[in-house]
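Note: the block below is start14.csv and it holds CSV, C-alpha atoms.
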chain,number,residue,atom,x,y,z
A,30,MET,CA,-7.1,48.1,-11.6
A,31,VAL,CA,-9.8,45.4,-11.8
A,32,GLY,CA,-11.6,44.8,-15.1
A,33,PHE,CA,-15.1,46.0,-15.4
A,34,LYS,CA,-17.9,44.0,-13.9
A,35,LEU,CA,-21.3,44.7,-12.5
A,36,ASN,CA,-21.4,44.4,-8.8
A,37,LYS,CA,-24.2,42.8,-7.0
A,38,THR,CA,-26.5,45.8,-7.0
A,39,ASN,CA,-25.6,46.6,-10.6
A,40,ASN,CA,-24.0,49.8,-9.6
A,41,LEU,CA,-20.9,51.4,-11.0
A,42,THR,CA,-17.9,51.9,-8.7
A,43,GLU,CA,-17.0,55.6,-8.0
A,44,PHE,CA,-14.0,55.3,-10.3
A,45,GLN,CA,-16.0,53.8,-13.1
A,46,HIS,CA,-18.7,56.4,-12.7
A,47,ASP,CA,-16.2,59.3,-12.6
A,48,SER,CA,-14.2,58.2,-15.7
A,49,LEU,CA,-17.4,57.6,-17.7
A,50,CYS,CA,-18.7,61.0,-16.7
A,51,GLU,CA,-15.5,62.6,-17.9
A,52,ILE,CA,-15.7,60.8,-21.2
A,53,ALA,CA,-19.3,61.8,-21.6
A,54,ASN,CA,-18.4,65.4,-20.8
A,55,ILE,CA,-15.9,65.5,-23.6
A,56,GLY,CA,-18.4,64.2,-26.1
A,57,PHE,CA,-21.3,66.4,-25.0
A,58,GLY,CA,-19.0,69.4,-24.7
A,59,ASN,CA,-17.9,69.0,-28.4
A,60,ALA,CA,-21.5,68.5,-29.4
A,61,ALA,CA,-22.4,71.7,-27.6
A,62,THR,CA,-19.7,73.6,-29.4
A,63,SER,CA,-21.0,72.5,-32.8
A,64,LEU,CA,-24.5,73.5,-31.8
A,65,SER,CA,-23.2,76.9,-30.7
A,66,LYS,CA,-21.7,77.4,-34.1
A,67,LEU,CA,-25.0,76.4,-35.7
A,68,VAL,CA,-27.2,78.8,-33.7
A,69,GLY,CA,-24.6,81.5,-33.3
A,70,ASP,CA,-24.8,81.6,-29.6
A,71,GLU,CA,-23.2,80.1,-26.6
A,72,VAL,CA,-24.5,76.6,-25.6
A,73,ALA,CA,-24.1,75.3,-22.1
A,74,ILE,CA,-24.2,71.7,-21.2
A,75,LYS,CA,-25.0,70.5,-17.7
A,76,VAL,CA,-22.8,67.9,-16.0
A,77,PRO,CA,-24.3,64.7,-17.4
A,78,SER,CA,-26.1,62.3,-15.1
A,79,LEU,CA,-24.9,58.8,-15.5
A,80,GLN,CA,-26.3,55.6,-14.4
A,81,LEU,CA,-26.6,51.9,-15.1
A,82,GLN,CA,-30.2,51.1,-15.4
A,83,ARG,CA,-32.6,48.3,-16.3
A,84,ILE,CA,-33.8,49.2,-19.8
A,85,GLU,CA,-37.5,49.0,-19.0
A,86,LYS,CA,-37.0,51.5,-16.1
A,87,ILE,CA,-35.4,54.2,-18.3
A,88,PRO,CA,-38.6,56.0,-19.2
A,89,GLN,CA,-39.5,56.4,-15.5
A,90,VAL,CA,-36.0,57.5,-14.6
A,91,ILE,CA,-36.0,60.2,-17.3
A,92,GLY,CA,-39.6,61.1,-16.7
A,93,GLY,CA,-41.9,63.3,-18.9
A,94,GLU,CA,-43.1,60.4,-21.0
A,95,GLU,CA,-46.1,62.3,-22.1
A,96,SER,CA,-44.5,65.6,-22.8
A,97,VAL,CA,-44.8,66.3,-26.5
A,98,VAL,CA,-41.5,67.2,-28.0
A,99,TYR,CA,-39.4,67.0,-31.2
A,100,GLY,CA,-37.2,63.9,-31.1
A,101,ILE,CA,-34.2,62.9,-33.1
A,102,VAL,CA,-33.0,59.3,-32.9
A,103,MET,CA,-29.7,58.0,-34.1
A,104,GLN,CA,-28.0,54.6,-33.8
A,105,ILE,CA,-24.4,54.5,-32.6
A,106,TYR,CA,-22.6,51.5,-34.1
A,107,GLY,CA,-19.1,50.2,-34.8
A,108,ASP,CA,-16.8,49.4,-31.9
A,109,LEU,CA,-19.6,50.6,-29.5
A,110,ASN,CA,-23.3,50.1,-29.8
A,111,GLY,CA,-26.1,52.2,-28.6
A,112,TYR,CA,-28.4,55.1,-29.4
A,113,MET,CA,-28.4,58.9,-29.1
A,114,THR,CA,-31.7,60.7,-28.7
A,115,ILE,CA,-32.1,64.4,-28.7
A,116,LEU,CA,-35.4,65.8,-27.3
A,117,LEU,CA,-36.3,69.4,-27.9
A,118,PRO,CA,-39.4,71.3,-26.8
A,119,VAL,CA,-41.5,73.0,-29.5
A,120,GLU,CA,-40.4,76.6,-28.4
A,121,SER,CA,-36.7,75.6,-28.8
A,122,VAL,CA,-37.3,74.2,-32.3
A,123,ASN,CA,-39.2,77.3,-33.2
A,124,SER,CA,-36.4,79.6,-32.1
A,125,ILE,CA,-33.8,77.5,-33.9
A,126,SER,CA,-35.9,77.5,-37.1
A,127,SER,CA,-36.4,81.3,-36.8
A,128,LYS,CA,-32.6,81.6,-36.9
A,129,LEU,CA,-31.7,78.9,-39.4
A,130,LEU,CA,-34.6,79.1,-41.8
A,131,SER,CA,-35.1,82.9,-41.6
A,132,ASN,CA,-35.0,83.2,-45.4
A,133,PHE,CA,-38.0,81.0,-46.0
A,134,ASP,CA,-41.7,81.8,-45.7
A,135,GLU,CA,-43.8,80.2,-42.9
A,136,GLU,CA,-45.1,77.3,-45.1
A,137,THR,CA,-41.7,76.3,-46.4
A,138,LYS,CA,-40.3,76.7,-42.9
A,139,ASN,CA,-42.8,74.2,-41.5
A,140,GLU,CA,-42.0,71.8,-44.3
A,141,MET,CA,-38.3,72.1,-43.6
A,142,ILE,CA,-38.4,71.7,-39.8
A,143,MET,CA,-38.0,67.9,-39.9
A,144,SER,CA,-35.0,68.1,-42.2
A,145,MET,CA,-33.5,70.8,-40.0
A,146,MET,CA,-34.0,68.5,-37.0
A,147,GLU,CA,-32.2,65.7,-38.8
A,148,GLU,CA,-29.4,68.0,-39.7
A,149,ILE,CA,-29.0,69.1,-36.1
A,150,GLY,CA,-29.0,65.4,-35.1
A,151,HIS,CA,-26.4,64.8,-37.7
A,152,ILE,CA,-24.1,67.6,-36.5
A,153,LEU,CA,-24.5,66.9,-32.8
A,154,GLY,CA,-24.4,63.1,-33.2
A,155,GLY,CA,-21.4,63.3,-35.6
A,156,THR,CA,-19.4,65.5,-33.3
A,157,TYR,CA,-20.2,63.3,-30.3
A,158,VAL,CA,-19.1,60.0,-31.8
A,159,THR,CA,-16.0,61.6,-33.4
A,160,SER,CA,-14.8,62.9,-30.1
A,161,LEU,CA,-15.5,59.5,-28.5
A,162,SER,CA,-13.7,57.8,-31.3
A,163,ASN,CA,-10.7,60.0,-30.9
A,164,PHE,CA,-10.5,59.8,-27.2
A,165,LEU,CA,-11.0,56.0,-27.0
A,166,ASN,CA,-9.1,55.4,-30.2
A,167,MET,CA,-12.0,53.4,-31.7
A,168,ASN,CA,-14.2,53.4,-34.8
A,169,ILE,CA,-17.6,54.6,-33.8
A,170,SER,CA,-20.2,55.8,-36.3
A,171,ILE,CA,-23.7,57.2,-36.3
A,172,ASP,CA,-26.5,56.3,-38.7
A,173,THR,CA,-28.9,58.7,-40.5
A,174,PRO,CA,-31.0,60.6,-37.9
A,175,SER,CA,-34.7,60.2,-37.8
A,176,ALA,CA,-36.9,63.0,-36.5
A,177,THR,CA,-40.5,63.1,-35.3
A,178,TYR,CA,-42.8,65.1,-33.1
A,179,ASP,CA,-44.6,63.1,-30.5
A,180,MET,CA,-44.7,62.0,-26.8
A,181,ALA,CA,-41.2,61.6,-25.4
A,182,GLY,CA,-42.0,58.1,-24.2
A,183,ALA,CA,-43.2,57.0,-27.6
A,184,ILE,CA,-40.1,58.4,-29.3
A,185,LEU,CA,-37.8,56.5,-26.9
A,186,ASP,CA,-39.8,53.4,-27.2
A,187,LEU,CA,-38.2,52.0,-30.3
A,188,VAL,CA,-34.7,52.6,-29.0
A,189,LEU,CA,-35.4,50.7,-25.8
A,190,ILE,CA,-37.1,47.9,-27.6
A,191,GLU,CA,-34.1,47.4,-29.9
A,192,MET,CA,-31.7,47.4,-26.9
A,193,SER,CA,-33.8,45.2,-24.8
A,194,LYS,CA,-33.6,42.3,-27.3
A,195,ASP,CA,-30.1,41.4,-26.1
A,196,PHE,CA,-29.5,43.3,-22.9
A,197,GLU,CA,-31.1,43.8,-19.5
A,198,HIS,CA,-29.2,47.0,-18.6
A,199,SER,CA,-28.0,50.1,-20.3
A,200,LEU,CA,-25.6,52.9,-19.5
A,201,VAL,CA,-27.7,56.0,-19.4
A,202,LEU,CA,-26.1,59.4,-20.1
A,203,ASP,CA,-28.5,62.3,-19.8
A,204,THR,CA,-27.6,65.9,-20.1
A,205,GLU,CA,-29.5,69.2,-20.5
A,206,MET,CA,-28.3,71.8,-22.9
A,207,LYS,CA,-29.2,75.4,-22.8
A,208,VAL,CA,-28.4,78.3,-25.1
A,209,LYS,CA,-27.2,81.4,-23.3
A,210,ASN,CA,-30.3,83.5,-24.1
A,211,ASP,CA,-32.6,80.7,-22.7
A,212,ILE,CA,-34.7,80.4,-25.8
A,213,VAL,CA,-33.2,77.0,-26.8
A,214,GLU,CA,-33.0,74.1,-24.4
A,215,GLY,CA,-33.2,70.4,-24.6
A,216,ASN,CA,-32.0,67.0,-23.6
A,217,ILE,CA,-29.4,64.7,-25.1
A,218,LEU,CA,-29.7,61.1,-24.0
A,219,VAL,CA,-27.1,58.5,-24.9
A,220,LEU,CA,-27.7,54.8,-24.2
A,221,VAL,CA,-24.8,52.4,-24.5
A,222,ASP,CA,-25.3,48.6,-24.1
A,223,THR,CA,-23.5,46.7,-21.4
A,224,ALA,CA,-21.2,44.8,-23.8
A,225,SER,CA,-19.9,48.2,-25.1
A,226,LEU,CA,-19.6,49.5,-21.5
A,227,LYS,CA,-17.3,46.6,-20.7
A,228,ILE,CA,-15.1,47.6,-23.7
A,229,ILE,CA,-15.0,51.2,-22.6
A,230,MET,CA,-14.0,50.2,-19.0
A,231,ASP,CA,-11.3,48.0,-20.3
A,232,ILE,CA,-9.9,50.9,-22.3
A,233,ILE,CA,-10.0,53.2,-19.2
A,234,ASP,CA,-8.3,50.6,-17.1
A,235,GLY,CA,-5.6,50.3,-19.8
A,236,MET,CA,-5.1,54.1,-19.7
A,237,VAL,CA,-4.6,54.3,-16.0
A,238,SER,CA,-2.6,51.2,-15.3
B,23,MET,CA,-55.9,59.7,-7.3
B,24,ASN,CA,-56.5,56.0,-7.7
B,25,ILE,CA,-54.3,55.5,-10.7
B,26,ILE,CA,-51.6,52.9,-11.1
B,27,THR,CA,-49.0,53.7,-13.7
B,28,VAL,CA,-47.7,50.7,-15.4
B,29,GLY,CA,-44.1,50.9,-16.7
B,30,MET,CA,-42.5,49.2,-19.7
B,31,ALA,CA,-42.4,45.4,-19.5
B,32,ASP,CA,-44.6,45.4,-16.5
B,33,TYR,CA,-48.2,44.8,-15.6
B,34,ALA,CA,-50.7,45.7,-12.9
B,35,ILE,CA,-54.1,44.6,-11.8
B,36,GLY,CA,-56.7,46.7,-10.1
B,37,THR,CA,-60.4,46.8,-9.3
B,38,SER,CA,-62.9,49.6,-9.3
B,39,PRO,CA,-62.3,52.5,-8.5
B,40,ILE,CA,-58.7,52.1,-9.5
B,41,SER,CA,-57.6,53.1,-13.0
B,42,LEU,CA,-54.6,51.7,-14.8
B,43,THR,CA,-52.5,53.7,-17.2
B,44,THR,CA,-49.4,53.4,-19.3
B,45,LEU,CA,-47.7,56.4,-20.9
B,46,GLY,CA,-46.4,57.0,-24.4
B,47,LEU,CA,-46.8,53.7,-26.1
B,48,GLY,CA,-44.8,53.8,-29.4
B,49,SER,CA,-44.0,50.4,-31.0
B,50,CYS,CA,-44.8,48.7,-27.6
B,51,VAL,CA,-48.3,47.3,-27.2
B,52,GLY,CA,-50.6,47.9,-24.2
B,53,ILE,CA,-52.9,45.0,-23.5
B,54,THR,CA,-55.8,45.4,-21.1
B,55,LEU,CA,-58.1,42.6,-19.7
B,56,TYR,CA,-61.4,43.3,-18.1
B,57,ASP,CA,-64.0,41.3,-16.2
B,58,SER,CA,-67.2,43.3,-16.1
B,59,LYS,CA,-68.7,41.4,-13.2
B,60,THR,CA,-65.9,41.6,-10.7
B,61,LYS,CA,-64.8,44.9,-12.2
B,62,LEU,CA,-61.2,43.6,-12.2
B,63,GLY,CA,-58.9,45.1,-14.8
B,64,GLY,CA,-55.4,44.3,-15.9
B,65,LEU,CA,-52.9,46.2,-18.0
B,66,LEU,CA,-49.7,44.8,-19.5
B,67,HIS,CA,-47.1,46.8,-21.4
B,68,ILE,CA,-45.1,44.5,-23.7
B,69,MET,CA,-41.9,45.5,-25.7
B,70,LEU,CA,-41.3,42.4,-27.9
B,71,PRO,CA,-43.4,39.8,-29.7
B,72,SER,CA,-41.7,36.6,-28.4
B,73,VAL,CA,-39.3,35.4,-25.7
B,74,ASP,CA,-37.8,33.0,-28.3
B,75,GLN,CA,-35.9,35.6,-30.2
B,76,ALA,CA,-34.6,37.4,-27.2
B,77,ARG,CA,-31.2,36.8,-25.6
B,78,SER,CA,-32.4,38.4,-22.4
B,79,LYS,CA,-35.3,36.4,-20.9
B,80,GLU,CA,-35.2,37.6,-17.3
B,81,ASN,CA,-38.5,39.6,-17.4
B,82,LEU,CA,-41.4,37.6,-18.8
B,83,ALA,CA,-43.7,40.7,-18.8
B,84,LYS,CA,-41.5,42.1,-21.6
B,85,PHE,CA,-42.9,39.7,-24.3
B,86,ALA,CA,-46.3,39.2,-25.7
B,87,ASP,CA,-46.2,35.4,-25.6
B,88,THR,CA,-45.1,35.1,-22.0
B,89,GLY,CA,-46.6,38.4,-20.6
B,90,ILE,CA,-50.2,37.8,-21.6
B,91,PRO,CA,-50.4,34.3,-19.9
B,92,LEU,CA,-48.8,35.9,-16.8
B,93,LEU,CA,-51.5,38.6,-16.7
B,94,ILE,CA,-54.3,36.1,-17.3
B,95,ASP,CA,-53.1,33.8,-14.5
B,96,ASP,CA,-52.7,36.6,-12.1
B,97,ILE,CA,-56.1,38.3,-12.8
B,98,ILE,CA,-57.9,34.9,-12.4
B,99,GLU,CA,-56.1,34.3,-9.2
B,100,ARG,CA,-57.5,37.6,-7.9
B,101,GLY,CA,-61.0,36.5,-8.7
B,102,ALA,CA,-61.7,37.2,-12.4
B,103,SER,CA,-63.4,34.6,-14.5
B,104,LYS,CA,-61.5,33.6,-17.6
B,105,ARG,CA,-64.6,33.3,-19.8
B,106,ARG,CA,-65.7,36.8,-18.9
B,107,LEU,CA,-62.3,38.4,-19.8
B,108,GLU,CA,-62.2,40.8,-22.7
B,109,ALA,CA,-59.1,42.3,-24.1
B,110,LYS,CA,-58.3,45.6,-25.7
B,111,ILE,CA,-55.0,46.3,-27.5
B,112,VAL,CA,-53.3,49.6,-28.3
B,113,GLY,CA,-50.0,50.7,-29.7
B,114,GLY,CA,-47.6,48.9,-32.1
B,115,ALA,CA,-46.9,52.1,-34.1
B,116,SER,CA,-44.0,52.6,-36.5
B,117,MET,CA,-42.6,55.8,-35.1
B,118,PHE,CA,-40.1,56.6,-37.8
B,119,SER,CA,-40.9,56.0,-41.4
B,120,SER,CA,-37.2,55.9,-42.3
B,121,LYS,CA,-36.2,53.4,-39.6
B,122,ASN,CA,-37.5,50.2,-41.1
B,123,GLY,CA,-34.4,48.2,-40.4
B,124,ASN,CA,-36.1,47.1,-37.2
B,125,LEU,CA,-38.4,44.8,-39.3
B,126,LYS,CA,-41.5,46.7,-38.3
B,127,ILE,CA,-41.3,45.7,-34.6
B,128,GLY,CA,-44.6,47.5,-33.9
B,129,GLU,CA,-46.5,45.3,-36.4
B,130,ARG,CA,-44.9,42.2,-35.1
B,131,ASN,CA,-45.8,43.1,-31.6
B,132,ILE,CA,-49.5,43.5,-32.7
B,133,SER,CA,-49.7,40.2,-34.6
B,134,SER,CA,-48.0,38.3,-31.8
B,135,THR,CA,-50.4,39.8,-29.3
B,136,LYS,CA,-53.5,38.9,-31.4
B,137,GLU,CA,-52.2,35.4,-31.9
B,138,VAL,CA,-51.6,34.8,-28.2
B,139,LEU,CA,-55.0,36.2,-27.3
B,140,TYR,CA,-56.7,34.0,-29.9
B,141,LYS,CA,-54.9,30.9,-28.7
B,142,LEU,CA,-56.0,31.6,-25.2
B,143,ASN,CA,-59.6,32.3,-26.2
B,144,ILE,CA,-59.7,35.9,-25.0
B,145,PRO,CA,-61.8,38.0,-27.4
B,146,ILE,CA,-60.5,41.4,-28.5
B,147,LYS,CA,-63.2,43.9,-27.8
B,148,GLY,CA,-61.4,47.0,-29.0
B,149,GLN,CA,-58.2,48.1,-30.6
B,150,ASP,CA,-56.3,51.1,-31.8
B,151,THR,CA,-53.0,50.0,-33.3
B,152,GLY,CA,-50.4,50.7,-35.9
B,153,LYS,CA,-49.9,54.0,-37.7
B,154,ASN,CA,-47.0,56.3,-36.8
B,155,TYR,CA,-47.8,58.0,-33.5
B,156,GLY,CA,-47.6,57.4,-29.8
B,157,ARG,CA,-50.5,56.8,-27.4
B,158,THR,CA,-51.2,56.9,-23.7
B,159,ILE,CA,-54.0,54.6,-22.4
B,160,LYS,CA,-56.1,54.5,-19.3
B,161,LEU,CA,-58.4,51.7,-18.3
B,162,ASP,CA,-61.4,52.7,-16.1
B,163,THR,CA,-62.1,49.5,-14.1
B,164,ASN,CA,-65.6,50.7,-13.2
B,165,THR,CA,-66.8,50.7,-16.9
B,166,GLY,CA,-64.1,48.8,-18.8
B,167,ASN,CA,-63.7,51.9,-21.0
B,168,LEU,CA,-60.2,52.4,-22.4
B,169,THR,CA,-59.2,56.0,-23.1
B,170,VAL,CA,-56.6,56.4,-25.8
B,171,LYS,CA,-54.8,59.7,-26.0
B,172,SER,CA,-52.4,60.9,-28.6
B,173,ALA,CA,-50.4,64.1,-29.1
B,174,LEU,CA,-51.8,65.1,-32.5
B,175,TYR,CA,-54.8,63.0,-33.1
B,176,GLY,CA,-57.0,63.6,-30.1
B,177,THR,CA,-58.5,61.2,-27.6
B,178,ILE,CA,-60.8,58.3,-28.3
B,179,ILE,CA,-62.6,55.8,-26.0
B,180,ILE,CA,-62.6,52.2,-27.0
Mind turning this structure into C-alpha cells?
Amino acid sequence: MVGFKLNKTNNLTEFQHDSLCEIANIGFGNAATSLSKLVGDEVAIKVPSLQLQRIEKIPQVIGGEESVVYGIVMQIYGDLNGYMTILLPVESVNSISSKLLSNFDEETKNEMIMSMMEEIGHILGGTYVTSLSNFLNMNISIDTPSATYDMAGAILDLVLIEMSKDFEHSLVLDTEMKVKNDIVEGNILVLVDTASLKIIMDIIDGMVS
Amino acid sequence: MNIITVGMADYAIGTSPISLTTLGLGSCVGITLYDSKTKLGGLLHIMLPSVDQARSKENLAKFADTGIPLLIDDIIERGASKRRLEAKIVGGASMFSSKNGNLKIGERNISSTKEVLYKLNIPIKGQDTGKNYGRTIKLDTNTGNLTVKSALYGTIII
C-alpha cells in the first residue's frame, strides 16, 4: 500500500475514499444511536458523502447558505483536528424540544432551546469522536459546543476561516439524519484538515498491510 | 436573472444591469466597490485579515490586505476610475459569543479591511459590521445600492 498523498487533481483514490467512508459510517452510526436514545425513536443516517475540497468552495458544495437553521459547532482536537457542525431546521428543533422539554412552559422552553442544542451537540459529537478514537486507537476530543440560529453559511463561516489559516483543502464528510417518523431531520458535517487526513490514511494503510 | 454569486475568498466585477451577491457572511467581510459614472461594481468576499499570518497563501482573494488591491486593479483595468471608487463593507460578525478563542476574527477582518481601504484612498461610503448575526449582501450596479439581508434583523439598504 502506498502512503497517503494527494494526486494531481486532489482526488482521493477509490480505496482511500471507501475506507474513509467506512470510518465515517461508524462514527455517524454511533452518533445516530445516541440521538435515537435521546429522542426515543429510530434515527437513520444516510451513507455519508465524502470529498476532498478546497475550503472556500465548501459552502457552494453543501449549498443552502441562506437557509435559516439551528447550528451547533464543535472543534475536534487532539490527534486529529477539525470541526463538527450540526445543522437542524426549525421544525426539527421544535419537535425535539416538544419531546425533551415537555415539562416546561413555552417561555422556559424557548429559553432552554440553545442549551438543549448544545447538549445534543455534546452527545452526538462525543459519541462520534469516541468511536473514532476507539477505531483508530487515537486520542480525539471535542470542545464545548456552541449553538446559534442563523443562515447556514454564516454558521459555517467561522469554521472555514479557522481551517483556511493553515490549509487549502479539507476532507468533507456530510450526512443526512432522519428520525423514523420524519419530524426530525438534519445534517451533520465533519471537516478534517489535510494533515489529519494523512494521519488517518497512514493508520488505514497500517491496518491492511 | 443577471446576478453573479461570489463565493468565499473570491471576487467578481460587473456592470449594470448585473447584480453581485454573496450569501451568508458571518465573520467574513464583503467589500464592494462602485464607480457611479461607468456603473461598474465589484464584490470581494474575504476570510482573513492578512496574508502574513497565513500558512496557506495560494489564493490572494482570501485576505483583506491582498484581496482589496486585487479587486481595485481589476476594476480599474475594466474601465473604472480610481478616484470615483467608493467602498461599502459588511460582515465581520462574532457568530458565537462563547467561541472567543478565535481572537475575534470578525473584528480583525473589519479593522484590516478599513486600514487597507484607507491606505489606498478609497472612501467607505456605507457599512454594516460586527454584532452576532449573518448577512447576505447584493450590490445593484445601476444605483450602487447595497442591500443587506439578515435572518432575524430584517433588510437594510446602505
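For Thr163 of chain B, the list of residues within 10 Å, based on all atoms listed in the file and with local chain neighbours fewer than 3 positions off taken out, reads Ile35, Gly36, Thr37, Ser38, Pro39, Ile40, Ser41, Leu42, Leu55, Tyr56, Asp57, Ser58, Thr60, Lys61, Leu62, Gly63, Gly64, Lys160, Gly166, Asn167 and Leu168 of chain B.
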**OP:** Select all residues from chain B having any atom no more than 7 Å from an atom of chain A (counting all atoms listed in the file, ignoring ligands), output as a PyMOL selection string.
**Re:** chain B and resi 30-31+45-50+69-70+76-78+117-118+120+155-156+173
**OP:** Give as number ranges by chain the set of residues within 8 Å of the point (-31.7, 78.6, -36.5), where distances use the file's coordinates and only C-alpha atoms.
**Re:** A: 67-68, 124-131
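Our summary of the geometry notes that atom CA of Ser134 of chain B is positioned 5.3 Å from atom CA of Pro71 of chain B.
Across the model, the gap from atom CA of Ile233 of chain A to atom CA of Gly56 of chain A is 15.5 Å.
Put simply, atom CA of Glu108 of chain B is 27.3 Å away from atom CA of Lys79 of chain B.
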Which residues are close to Ile144 of chain B, i.e. within 12 Å by only C-alpha atoms, leaving aside same-chain residues fewer than 4 positions away? Reply as a PDB file with C-alpha atoms, keeping the file's coordinate frame.
ATOM      1  CA  ILE B  53     -52.900  45.000 -23.500  1.00  0.00           C
ATOM      2  CA  THR B  54     -55.800  45.400 -21.100  1.00  0.00           C
ATOM      3  CA  LEU B  55     -58.100  42.600 -19.700  1.00  0.00           C
ATOM      4  CA  TYR B  56     -61.400  43.300 -18.100  1.00  0.00           C
ATOM      5  CA  ASP B  57     -64.000  41.300 -16.200  1.00  0.00           C
ATOM      6  CA  ILE B  90     -50.200  37.800 -21.600  1.00  0.00           C
ATOM      7  CA  PRO B  91     -50.400  34.300 -19.900  1.00  0.00           C
ATOM      8  CA  LEU B  93     -51.500  38.600 -16.700  1.00  0.00           C
ATOM      9  CA  ILE B  94     -54.300  36.100 -17.300  1.00  0.00           C
ATOM     10  CA  SER B 103     -63.400  34.600 -14.500  1.00  0.00           C
ATOM     11  CA  LYS B 104     -61.500  33.600 -17.600  1.00  0.00           C
ATOM     12  CA  ARG B 105     -64.600  33.300 -19.800  1.00  0.00           C
ATOM     13  CA  ARG B 106     -65.700  36.800 -18.900  1.00  0.00           C
ATOM     14  CA  LEU B 107     -62.300  38.400 -19.800  1.00  0.00           C
ATOM     15  CA  GLU B 108     -62.200  40.800 -22.700  1.00  0.00           C
ATOM     16  CA  ALA B 109     -59.100  42.300 -24.100  1.00  0.00           C
ATOM     17  CA  LYS B 110     -58.300  45.600 -25.700  1.00  0.00           C
ATOM     18  CA  ILE B 111     -55.000  46.300 -27.500  1.00  0.00           C
ATOM     19  CA  THR B 135     -50.400  39.800 -29.300  1.00  0.00           C
ATOM     20  CA  LYS B 136     -53.500  38.900 -31.400  1.00  0.00           C
ATOM     21  CA  GLU B 137     -52.200  35.400 -31.900  1.00  0.00           C
ATOM     22  CA  VAL B 138     -51.600  34.800 -28.200  1.00  0.00           C
ATOM     23  CA  LEU B 139     -55.000  36.200 -27.300  1.00  0.00           C
ATOM     24  CA  TYR B 140     -56.700  34.000 -29.900  1.00  0.00           C
ATOM     25  CA  GLY B 148     -61.400  47.000 -29.000  1.00  0.00           C
TER      26      GLY B 148
END
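For Ile171 of chain A, the non-local neighbours within 12 Å, defined as residues at least 5 positions apart in the same chain or in other chains and counting all atoms listed in the file, are Val102, Met103, Gln104, Ile105, Tyr106, Gly107, Asp108, Leu109, Asn110, Gly111, Tyr112, Met113, Thr114, Gly150, His151, Ile152, Leu153, Gly154, Gly155, Thr156, Tyr157, Val158, Thr159, Leu161, Ser162 and Val219 of chain A.
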Original post:
Gln80 of chain A: which residues within 9 Å, counting all atoms listed in the file, same-chain residues fewer than 4 positions away excluded, as a VMD selection string?
Top reply: chain A and resid 40 to 41 46 199 to 203
Dump of segment 93-97 of chain B from preceding block, all heavy atoms, as a CSV table (one decimal), in the first residue's frame:
chain,number,residue,atom,x,y,z
B,93,LEU,N,-8.9,43.5,-6.3
B,93,LEU,CA,-10.2,43.9,-6.8
B,93,LEU,C,-10.0,45.3,-7.4
B,93,LEU,O,-10.6,45.6,-8.5
B,93,LEU,CB,-11.2,44.0,-5.7
B,93,LEU,CG,-12.6,44.5,-6.0
B,93,LEU,CD1,-13.3,43.6,-7.0
B,93,LEU,CD2,-13.5,44.6,-4.8
B,94,ILE,N,-9.3,46.2,-6.8
B,94,ILE,CA,-9.1,47.6,-7.3
B,94,ILE,C,-8.4,47.6,-8.7
B,94,ILE,O,-8.9,48.2,-9.6
B,94,ILE,CB,-8.3,48.5,-6.3
B,94,ILE,CG1,-9.1,48.7,-5.0
B,94,ILE,CG2,-7.9,49.8,-6.9
B,94,ILE,CD1,-8.4,49.4,-3.9
B,95,ASP,N,-7.3,46.8,-8.8
B,95,ASP,CA,-6.6,46.7,-10.0
B,95,ASP,C,-7.5,46.2,-11.1
B,95,ASP,O,-7.5,46.8,-12.3
B,95,ASP,CB,-5.4,45.8,-9.9
B,95,ASP,CG,-4.3,46.4,-9.1
B,95,ASP,OD1,-4.4,47.7,-8.8
B,95,ASP,OD2,-3.3,45.7,-8.7
B,96,ASP,N,-8.3,45.2,-10.8
B,96,ASP,CA,-9.1,44.6,-11.9
B,96,ASP,C,-10.2,45.5,-12.3
B,96,ASP,O,-10.5,45.6,-13.5
B,96,ASP,CB,-9.7,43.3,-11.3
B,96,ASP,CG,-10.1,42.3,-12.5
B,96,ASP,OD1,-10.2,42.8,-13.6
B,96,ASP,OD2,-10.2,41.1,-12.2
B,97,ILE,N,-10.8,46.2,-11.4
B,97,ILE,CA,-12.0,47.1,-11.7
B,97,ILE,C,-11.5,48.3,-12.5
B,97,ILE,O,-12.1,48.8,-13.4
B,97,ILE,CB,-12.8,47.4,-10.5
B,97,ILE,CG1,-14.2,47.9,-10.9
B,97,ILE,CG2,-12.2,48.5,-9.6
B,97,ILE,CD1,-15.2,48.0,-9.8
